[in-house]
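protein-v1.txt follows (compact mmCIF, N, CA and C atoms):
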```txt
# COMPACT_ATOMS: atom_id res chain seq x y z
N MET F 83 51.84 10.51 60.31
CA MET F 83 51.95 10.33 58.89
C MET F 83 50.99 9.26 58.40
N PHE F 84 50.81 8.20 59.21
CA PHE F 84 49.91 7.11 58.85
C PHE F 84 48.47 7.60 58.74
N LYS F 85 48.07 8.52 59.65
CA LYS F 85 46.71 9.06 59.63
C LYS F 85 46.46 9.88 58.36
N LEU F 86 47.47 10.57 57.88
CA LEU F 86 47.35 11.35 56.65
C LEU F 86 47.10 10.42 55.47
N GLY F 87 47.78 9.29 55.42
CA GLY F 87 47.58 8.31 54.36
C GLY F 87 46.17 7.74 54.36
N ILE F 88 45.66 7.46 55.56
CA ILE F 88 44.30 6.94 55.68
C ILE F 88 43.29 8.00 55.23
N ALA F 89 43.50 9.23 55.66
CA ALA F 89 42.58 10.32 55.30
C ALA F 89 42.59 10.57 53.80
N SER F 90 43.78 10.60 53.20
CA SER F 90 43.84 10.85 51.76
C SER F 90 43.22 9.69 50.97
N THR F 91 43.37 8.47 51.46
CA THR F 91 42.74 7.33 50.82
C THR F 91 41.23 7.40 50.97
N ALA F 92 40.77 7.77 52.15
CA ALA F 92 39.32 7.85 52.40
C ALA F 92 38.67 8.91 51.54
N ILE F 93 39.40 9.94 51.18
CA ILE F 93 38.86 11.00 50.30
C ILE F 93 39.13 10.66 48.84
N GLY F 94 40.33 10.20 48.54
CA GLY F 94 40.75 9.97 47.16
C GLY F 94 40.01 8.84 46.45
N VAL F 95 39.75 7.75 47.13
CA VAL F 95 39.09 6.61 46.49
C VAL F 95 37.68 6.98 46.03
N PRO F 96 36.84 7.57 46.90
CA PRO F 96 35.50 7.95 46.41
C PRO F 96 35.56 9.00 45.29
N LEU F 97 36.47 9.97 45.40
CA LEU F 97 36.60 10.97 44.34
C LEU F 97 37.02 10.34 43.03
N SER F 98 37.95 9.39 43.12
CA SER F 98 38.40 8.69 41.91
C SER F 98 37.26 7.90 41.28
N PHE F 99 36.41 7.32 42.11
CA PHE F 99 35.29 6.56 41.56
C PHE F 99 34.27 7.49 40.91
N ILE F 100 33.91 8.59 41.58
CA ILE F 100 32.83 9.42 41.03
C ILE F 100 33.28 10.25 39.82
N PHE F 101 34.56 10.66 39.79
CA PHE F 101 35.04 11.45 38.66
C PHE F 101 35.76 10.62 37.60
N GLY F 102 36.16 9.40 37.93
CA GLY F 102 36.92 8.59 36.99
C GLY F 102 38.37 9.03 36.95
N ASP F 103 39.08 8.54 35.95
CA ASP F 103 40.50 8.90 35.81
C ASP F 103 40.64 10.38 35.55
N TRP F 104 41.68 10.96 36.16
CA TRP F 104 41.97 12.37 35.94
C TRP F 104 42.60 12.51 34.57
N THR F 105 42.07 13.45 33.77
CA THR F 105 42.61 13.67 32.44
C THR F 105 43.08 15.11 32.32
N PRO F 106 43.95 15.40 31.35
CA PRO F 106 44.37 16.79 31.16
C PRO F 106 43.18 17.71 30.89
N LEU F 107 42.16 17.22 30.20
CA LEU F 107 40.99 18.06 29.93
C LEU F 107 40.30 18.48 31.22
N MET F 108 40.30 17.63 32.23
CA MET F 108 39.69 17.99 33.51
C MET F 108 40.48 19.12 34.17
N GLY F 109 41.80 19.07 34.06
CA GLY F 109 42.64 20.15 34.58
C GLY F 109 42.37 21.45 33.86
N VAL F 110 42.23 21.38 32.54
CA VAL F 110 41.93 22.58 31.74
C VAL F 110 40.57 23.14 32.15
N LEU F 111 39.59 22.26 32.36
CA LEU F 111 38.27 22.72 32.79
C LEU F 111 38.34 23.43 34.13
N MET F 112 39.13 22.91 35.06
CA MET F 112 39.29 23.57 36.37
C MET F 112 39.88 24.97 36.19
N VAL F 113 40.90 25.09 35.34
CA VAL F 113 41.53 26.39 35.12
C VAL F 113 40.54 27.36 34.46
N LEU F 114 39.82 26.89 33.42
CA LEU F 114 38.86 27.77 32.75
C LEU F 114 37.72 28.19 33.68
N THR F 115 37.30 27.29 34.55
CA THR F 115 36.26 27.63 35.53
C THR F 115 36.76 28.74 36.46
N ALA F 116 37.99 28.60 36.94
CA ALA F 116 38.57 29.63 37.80
C ALA F 116 38.72 30.96 37.06
N LEU F 117 39.18 30.90 35.80
CA LEU F 117 39.32 32.13 35.01
C LEU F 117 37.97 32.79 34.74
N ASP F 118 36.93 31.99 34.54
CA ASP F 118 35.60 32.55 34.32
C ASP F 118 35.12 33.26 35.58
N ILE F 119 35.37 32.68 36.73
CA ILE F 119 35.00 33.34 38.00
C ILE F 119 35.76 34.65 38.15
N ILE F 120 37.06 34.61 37.89
CA ILE F 120 37.90 35.82 38.02
C ILE F 120 37.46 36.90 37.05
N THR F 121 37.24 36.54 35.78
CA THR F 121 36.83 37.55 34.80
C THR F 121 35.41 38.05 35.09
N GLY F 122 34.55 37.19 35.64
CA GLY F 122 33.21 37.63 36.01
C GLY F 122 33.24 38.66 37.13
N ILE F 123 34.09 38.42 38.11
CA ILE F 123 34.24 39.38 39.21
C ILE F 123 34.84 40.68 38.68
N ALA F 124 35.87 40.57 37.82
CA ALA F 124 36.48 41.77 37.23
C ALA F 124 35.46 42.57 36.43
N LYS F 125 34.62 41.87 35.66
CA LYS F 125 33.58 42.55 34.88
C LYS F 125 32.60 43.25 35.82
N GLY F 126 32.27 42.61 36.94
CA GLY F 126 31.38 43.23 37.92
C GLY F 126 31.95 44.51 38.49
N PHE F 127 33.26 44.52 38.78
CA PHE F 127 33.92 45.74 39.23
C PHE F 127 33.94 46.78 38.12
N TYR F 128 34.24 46.33 36.91
CA TYR F 128 34.36 47.23 35.77
C TYR F 128 33.07 47.99 35.50
N ASP F 129 31.95 47.28 35.46
CA ASP F 129 30.68 47.93 35.14
C ASP F 129 29.85 48.27 36.39
N LYS F 130 30.50 48.15 37.57
CA LYS F 130 29.86 48.46 38.85
C LYS F 130 28.58 47.66 39.06
N GLY F 131 28.58 46.42 38.55
CA GLY F 131 27.41 45.56 38.66
C GLY F 131 27.66 44.32 39.50
N LEU F 132 28.68 44.36 40.36
CA LEU F 132 29.00 43.20 41.19
C LEU F 132 27.94 43.05 42.28
N ARG F 133 27.27 41.92 42.28
CA ARG F 133 26.21 41.64 43.24
C ARG F 133 26.45 40.26 43.86
N SER F 134 26.35 40.18 45.18
CA SER F 134 26.64 38.93 45.87
C SER F 134 25.64 37.84 45.50
N ARG F 135 24.37 38.20 45.30
CA ARG F 135 23.36 37.19 44.94
C ARG F 135 23.67 36.59 43.57
N LYS F 136 23.99 37.47 42.62
CA LYS F 136 24.31 37.01 41.27
C LYS F 136 25.57 36.14 41.29
N MET F 137 26.55 36.55 42.10
CA MET F 137 27.79 35.79 42.21
C MET F 137 27.52 34.42 42.85
N SER F 138 26.68 34.38 43.86
CA SER F 138 26.34 33.11 44.50
C SER F 138 25.66 32.16 43.52
N GLN F 139 24.76 32.70 42.71
CA GLN F 139 24.09 31.87 41.72
C GLN F 139 25.09 31.34 40.70
N GLY F 140 26.05 32.16 40.31
CA GLY F 140 27.09 31.73 39.39
C GLY F 140 27.95 30.62 39.97
N MET F 141 28.26 30.72 41.26
CA MET F 141 29.07 29.69 41.92
C MET F 141 28.31 28.36 41.98
N VAL F 142 27.00 28.43 42.23
CA VAL F 142 26.20 27.20 42.25
C VAL F 142 26.21 26.58 40.85
N ARG F 143 26.07 27.41 39.81
CA ARG F 143 26.13 26.91 38.43
C ARG F 143 27.46 26.21 38.16
N LYS F 144 28.55 26.81 38.62
CA LYS F 144 29.87 26.21 38.42
C LYS F 144 29.95 24.85 39.10
N GLY F 145 29.39 24.74 40.30
CA GLY F 145 29.38 23.47 41.00
C GLY F 145 28.57 22.42 40.25
N MET F 146 27.49 22.85 39.63
CA MET F 146 26.63 21.92 38.90
C MET F 146 27.31 21.37 37.64
N ILE F 147 28.28 22.10 37.12
CA ILE F 147 29.07 21.58 35.99
C ILE F 147 29.72 20.26 36.42
N PHE F 148 30.26 20.25 37.63
CA PHE F 148 30.95 19.05 38.09
C PHE F 148 29.97 17.93 38.45
N VAL F 149 28.73 18.29 38.78
CA VAL F 149 27.70 17.27 38.97
C VAL F 149 27.43 16.57 37.63
N VAL F 150 27.38 17.36 36.55
CA VAL F 150 27.18 16.78 35.22
C VAL F 150 28.36 15.89 34.84
N ILE F 151 29.57 16.29 35.18
CA ILE F 151 30.76 15.47 34.90
C ILE F 151 30.65 14.14 35.66
N ILE F 152 30.22 14.19 36.92
CA ILE F 152 30.04 12.96 37.70
C ILE F 152 28.98 12.08 37.04
N LEU F 153 27.86 12.67 36.65
CA LEU F 153 26.79 11.92 35.98
C LEU F 153 27.30 11.27 34.70
N ALA F 154 28.04 12.02 33.90
CA ALA F 154 28.59 11.47 32.66
C ALA F 154 29.56 10.33 32.95
N ASN F 155 30.38 10.47 33.99
CA ASN F 155 31.29 9.39 34.35
C ASN F 155 30.53 8.15 34.77
N MET F 156 29.44 8.32 35.51
CA MET F 156 28.64 7.17 35.93
C MET F 156 27.99 6.49 34.71
N ILE F 157 27.61 7.28 33.71
CA ILE F 157 27.10 6.70 32.46
C ILE F 157 28.19 5.86 31.80
N ASP F 158 29.40 6.41 31.77
CA ASP F 158 30.53 5.65 31.20
C ASP F 158 30.78 4.36 31.96
N VAL F 159 30.70 4.40 33.29
CA VAL F 159 30.91 3.20 34.09
C VAL F 159 29.83 2.17 33.76
N ALA F 160 28.59 2.62 33.69
CA ALA F 160 27.48 1.71 33.42
C ALA F 160 27.52 1.15 32.00
N MET F 161 28.04 1.94 31.07
CA MET F 161 28.04 1.54 29.66
C MET F 161 29.44 1.15 29.18
N ALA F 162 30.29 0.73 30.08
CA ALA F 162 31.70 0.45 29.74
C ALA F 162 31.84 -0.49 28.55
N SER F 163 31.08 -1.57 28.52
CA SER F 163 31.23 -2.51 27.41
C SER F 163 30.70 -1.93 26.11
N THR F 164 29.68 -1.08 26.19
CA THR F 164 29.13 -0.45 24.99
C THR F 164 30.11 0.56 24.41
N PHE F 165 30.78 1.31 25.28
CA PHE F 165 31.71 2.34 24.83
C PHE F 165 33.13 1.82 24.65
N ASN F 166 33.31 0.49 24.71
CA ASN F 166 34.64 -0.12 24.59
C ASN F 166 35.62 0.45 25.61
N GLU F 167 35.14 0.66 26.83
CA GLU F 167 35.94 1.15 27.96
C GLU F 167 36.41 2.59 27.78
N LEU F 168 35.90 3.32 26.79
CA LEU F 168 36.30 4.72 26.57
C LEU F 168 35.34 5.65 27.32
N PRO F 169 35.87 6.73 27.90
CA PRO F 169 35.01 7.66 28.65
C PRO F 169 34.30 8.66 27.72
N ILE F 170 33.46 8.15 26.84
CA ILE F 170 32.81 8.98 25.83
C ILE F 170 31.93 10.07 26.45
N ALA F 171 31.05 9.68 27.36
CA ALA F 171 30.11 10.64 27.95
C ALA F 171 30.86 11.71 28.75
N LYS F 172 31.84 11.29 29.55
CA LYS F 172 32.59 12.24 30.37
C LYS F 172 33.38 13.21 29.50
N MET F 173 34.07 12.70 28.49
CA MET F 173 34.86 13.58 27.62
C MET F 173 33.96 14.51 26.82
N SER F 174 32.79 14.05 26.42
CA SER F 174 31.85 14.91 25.70
C SER F 174 31.38 16.04 26.60
N ALA F 175 31.03 15.71 27.83
CA ALA F 175 30.58 16.74 28.78
C ALA F 175 31.69 17.74 29.06
N ILE F 176 32.90 17.24 29.29
CA ILE F 176 34.02 18.14 29.58
C ILE F 176 34.30 19.05 28.39
N THR F 177 34.31 18.50 27.19
CA THR F 177 34.57 19.29 25.99
C THR F 177 33.51 20.37 25.82
N PHE F 178 32.25 20.01 26.03
CA PHE F 178 31.16 20.98 25.95
C PHE F 178 31.39 22.11 26.95
N TYR F 179 31.69 21.78 28.20
CA TYR F 179 31.88 22.81 29.21
C TYR F 179 33.16 23.62 29.00
N LEU F 180 34.17 23.03 28.39
CA LEU F 180 35.36 23.82 28.03
C LEU F 180 34.97 24.94 27.08
N GLY F 181 34.16 24.60 26.07
CA GLY F 181 33.69 25.62 25.14
C GLY F 181 32.83 26.66 25.83
N MET F 182 31.93 26.22 26.69
CA MET F 182 31.04 27.14 27.39
C MET F 182 31.82 28.08 28.31
N GLU F 183 32.74 27.53 29.08
CA GLU F 183 33.53 28.36 30.00
C GLU F 183 34.41 29.34 29.22
N GLY F 184 35.03 28.85 28.16
CA GLY F 184 35.87 29.72 27.34
C GLY F 184 35.06 30.85 26.72
N LEU F 185 33.88 30.53 26.20
CA LEU F 185 33.02 31.58 25.63
C LEU F 185 32.59 32.58 26.69
N SER F 186 32.32 32.11 27.88
CA SER F 186 31.95 33.01 28.97
C SER F 186 33.10 33.96 29.31
N ILE F 187 34.32 33.44 29.31
CA ILE F 187 35.49 34.29 29.56
C ILE F 187 35.61 35.35 28.46
N VAL F 188 35.45 34.92 27.21
CA VAL F 188 35.53 35.87 26.08
C VAL F 188 34.44 36.94 26.21
N GLU F 189 33.22 36.54 26.58
CA GLU F 189 32.14 37.50 26.76
C GLU F 189 32.45 38.49 27.88
N ASN F 190 32.97 37.99 29.00
CA ASN F 190 33.34 38.88 30.10
C ASN F 190 34.38 39.90 29.66
N LEU F 191 35.39 39.43 28.93
CA LEU F 191 36.43 40.34 28.46
C LEU F 191 35.88 41.34 27.44
N ALA F 192 35.00 40.89 26.56
CA ALA F 192 34.41 41.78 25.55
C ALA F 192 33.59 42.87 26.23
N GLN F 193 32.89 42.53 27.31
CA GLN F 193 32.08 43.53 28.02
C GLN F 193 32.95 44.53 28.77
N MET F 194 34.24 44.22 28.90
CA MET F 194 35.20 45.17 29.48
C MET F 194 36.00 45.86 28.38
N ASN F 195 35.52 45.73 27.14
CA ASN F 195 36.15 46.36 25.96
C ASN F 195 37.57 45.87 25.70
N MET F 196 37.82 44.60 26.01
CA MET F 196 39.12 44.00 25.70
C MET F 196 39.07 43.44 24.29
N PRO F 197 40.05 43.77 23.45
CA PRO F 197 40.07 43.17 22.11
C PRO F 197 40.37 41.68 22.20
N MET F 198 39.75 40.91 21.31
CA MET F 198 39.91 39.46 21.34
C MET F 198 40.07 38.96 19.91
N PRO F 199 41.09 38.16 19.64
CA PRO F 199 41.25 37.59 18.29
C PRO F 199 40.04 36.72 17.94
N ALA F 200 39.55 36.83 16.73
CA ALA F 200 38.36 36.08 16.30
C ALA F 200 38.58 34.58 16.38
N PHE F 201 39.82 34.11 16.12
CA PHE F 201 40.06 32.67 16.11
C PHE F 201 39.81 32.05 17.48
N VAL F 202 39.99 32.82 18.56
CA VAL F 202 39.77 32.29 19.90
C VAL F 202 38.29 31.93 20.08
N LYS F 203 37.42 32.87 19.75
CA LYS F 203 35.99 32.62 19.87
C LYS F 203 35.56 31.47 18.94
N ASN F 204 36.07 31.47 17.72
CA ASN F 204 35.72 30.40 16.77
C ASN F 204 36.15 29.04 17.28
N TYR F 205 37.34 28.96 17.85
CA TYR F 205 37.84 27.69 18.38
C TYR F 205 36.97 27.22 19.54
N LEU F 206 36.56 28.14 20.39
CA LEU F 206 35.71 27.77 21.53
C LEU F 206 34.34 27.29 21.06
N LEU F 207 33.82 27.90 20.00
CA LEU F 207 32.54 27.44 19.45
C LEU F 207 32.66 26.02 18.91
N VAL F 208 33.79 25.71 18.29
CA VAL F 208 34.03 24.36 17.79
C VAL F 208 34.09 23.36 18.95
N LEU F 209 34.77 23.73 20.03
CA LEU F 209 34.84 22.85 21.21
C LEU F 209 33.44 22.56 21.74
N LYS F 210 32.63 23.60 21.86
CA LYS F 210 31.27 23.43 22.37
C LYS F 210 30.48 22.49 21.46
N GLU F 211 30.56 22.72 20.16
CA GLU F 211 29.83 21.88 19.21
C GLU F 211 30.33 20.43 19.24
N ASN F 212 31.64 20.24 19.36
CA ASN F 212 32.19 18.89 19.44
C ASN F 212 31.67 18.16 20.67
N GLY F 213 31.59 18.87 21.78
CA GLY F 213 31.07 18.27 23.00
C GLY F 213 29.62 17.85 22.85
N GLU F 214 28.86 18.62 22.10
CA GLU F 214 27.45 18.29 21.88
C GLU F 214 27.29 17.11 20.94
N ASN F 215 28.21 16.94 20.01
CA ASN F 215 28.03 15.96 18.94
C ASN F 215 28.82 14.67 19.07
N VAL F 216 29.81 14.59 19.94
CA VAL F 216 30.68 13.41 19.99
C VAL F 216 29.88 12.14 20.28
N ALA F 217 29.07 12.15 21.32
CA ALA F 217 28.32 10.94 21.68
C ALA F 217 27.31 10.57 20.60
N ASP F 218 26.73 11.56 19.93
CA ASP F 218 25.75 11.29 18.88
C ASP F 218 26.38 10.56 17.69
N LYS F 219 27.67 10.80 17.44
CA LYS F 219 28.33 10.21 16.27
C LYS F 219 28.81 8.79 16.51
N LYS F 220 28.84 8.34 17.77
CA LYS F 220 29.31 6.99 18.07
C LYS F 220 28.21 5.99 17.75
N THR F 221 28.61 4.85 17.25
CA THR F 221 27.66 3.76 17.00
C THR F 221 27.71 2.86 18.21
N PHE F 222 26.68 2.89 19.03
CA PHE F 222 26.67 2.12 20.27
C PHE F 222 26.47 0.64 19.97
N GLY F 223 27.23 -0.18 20.71
CA GLY F 223 27.07 -1.62 20.59
C GLY F 223 27.90 -2.26 19.50
N LYS F 224 28.60 -1.47 18.68
CA LYS F 224 29.43 -2.04 17.60
C LYS F 224 30.88 -1.81 17.92
N LYS F 225 31.68 -2.80 17.60
CA LYS F 225 33.12 -2.69 17.87
C LYS F 225 33.89 -2.53 16.60
```

Encoding of this model in structure tokens:
Amino acid sequence: MFKLGIASTAIGVPLSFIFGDWTPLMGVLMVLTALDIITGIAKGFYDKGLRSRKMSQGMVRKGMIFVVIILANMIDVAMASTFNELPIAKMSAITFYLGMEGLSIVENLAQMNMPMPAFVKNYLLVLKENGENVADKKTFGKK
């Protein structure tokens, strides 16, 4: 049991540092990423266009989303006093990718002729735009 505690600490501490505090938005991003993968595979079966190379490239792209989240968290760590200890860069990146992943899911479903309420797509577009604009609207260096 003691070895399990050491192993989880050895993994958890570096992960906590590189990703920062776990937030509900990060959990939502994980779920949307998984749903995008699932709907992408389903779309590939539906239109008989499932290709391992294309799927591998998509998986690498999904991994790179989390590289951007790590980068944004490191910006927040470096700029902590400027951002008043708020994770502005990380939350902006996560919000942007929530919109992108959600839109990708909607596109996958649309290509399978699934009806989709317009408000869902509109809401996802707003999320994407908010992620792009949040950091731009902050006044850096002022409290």

For this session: Quote the spacing between atom N of Glu183 of chain F and atom C of Leu153 of chain F in Å to one decimal place.
Result: 18.0 Å

For this session: Would you kindly return, as a ChimeraX atom specification, each protein, DNA or RNA residue with an atom no farther than 6 Å from any atom of segment 184-197 of chain F, considering all atoms listed in the file and excluding same-chain residues fewer than 6 positions away?
Result: /F:117-118,121-122,125,206

Exercise. Running DSSP on the backbone, which parts of chain F land in helix (DSSP H, G or I), as a PyMOL selection string?
Worked result: chain F and resi 84-101+106-128+134-160+170-193+200-219

Exercise. Which residue, F:Arg135, F:Ala116, F:Leu107, F:Val202, has the smallest gap to Met173 of chain F when you use all atoms listed in the file?
Worked result: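 Of F:Arg135, F:Ala116, F:Leu107, F:Val202, the one nearest Met173 of chain F, counting all atoms listed in the file, is F:Leu107.
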
For this session: Would you mind telling me which residue in F:Leu168, F:Ile151, F:Ile120, F:Leu132 lies nearest to Phe101 of chain F when using all atoms listed in the file?
Result: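 Among the listed residues, the smallest separation from Phe101 of chain F belongs to F:Ile151.
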
Problem set entry | Between atom N of Thr164 of chain F and atom C of Leu180 of chain F - distance in Å to one decimal |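 Atom C of Leu180 of chain F sits 26.6 Å away from atom N of Thr164 of chain F.
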
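Going from atom CA of Met108 of chain F to atom CA of Phe148 of chain F covers 9.9 Å.
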
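Remark: for Leu111 of chain F, the closest of the candidate residues F:Ala162, F:Ala92, F:Ile176, F:Met141 is F:Ile176 (distances computed over all atoms listed in the file).
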
Problem set entry | Residue with smallest distance to Glu214 of chain F - pool F:Phe165, F:Phe201, F:Phe178, F:Phe99, counting only N, CA and C atoms |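 Selected residue with least distance to Glu214 of chain F: F:Phe178.
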
Exercise. Skipping near chain neighbours, those fewer than 5 positions away, what residues fall within 7 Å of Asn212 of chain F using only N, CA and C atoms, listed as an MDAnalysis selection string?
Worked result: chainID F and resid 174 177:178 207 217
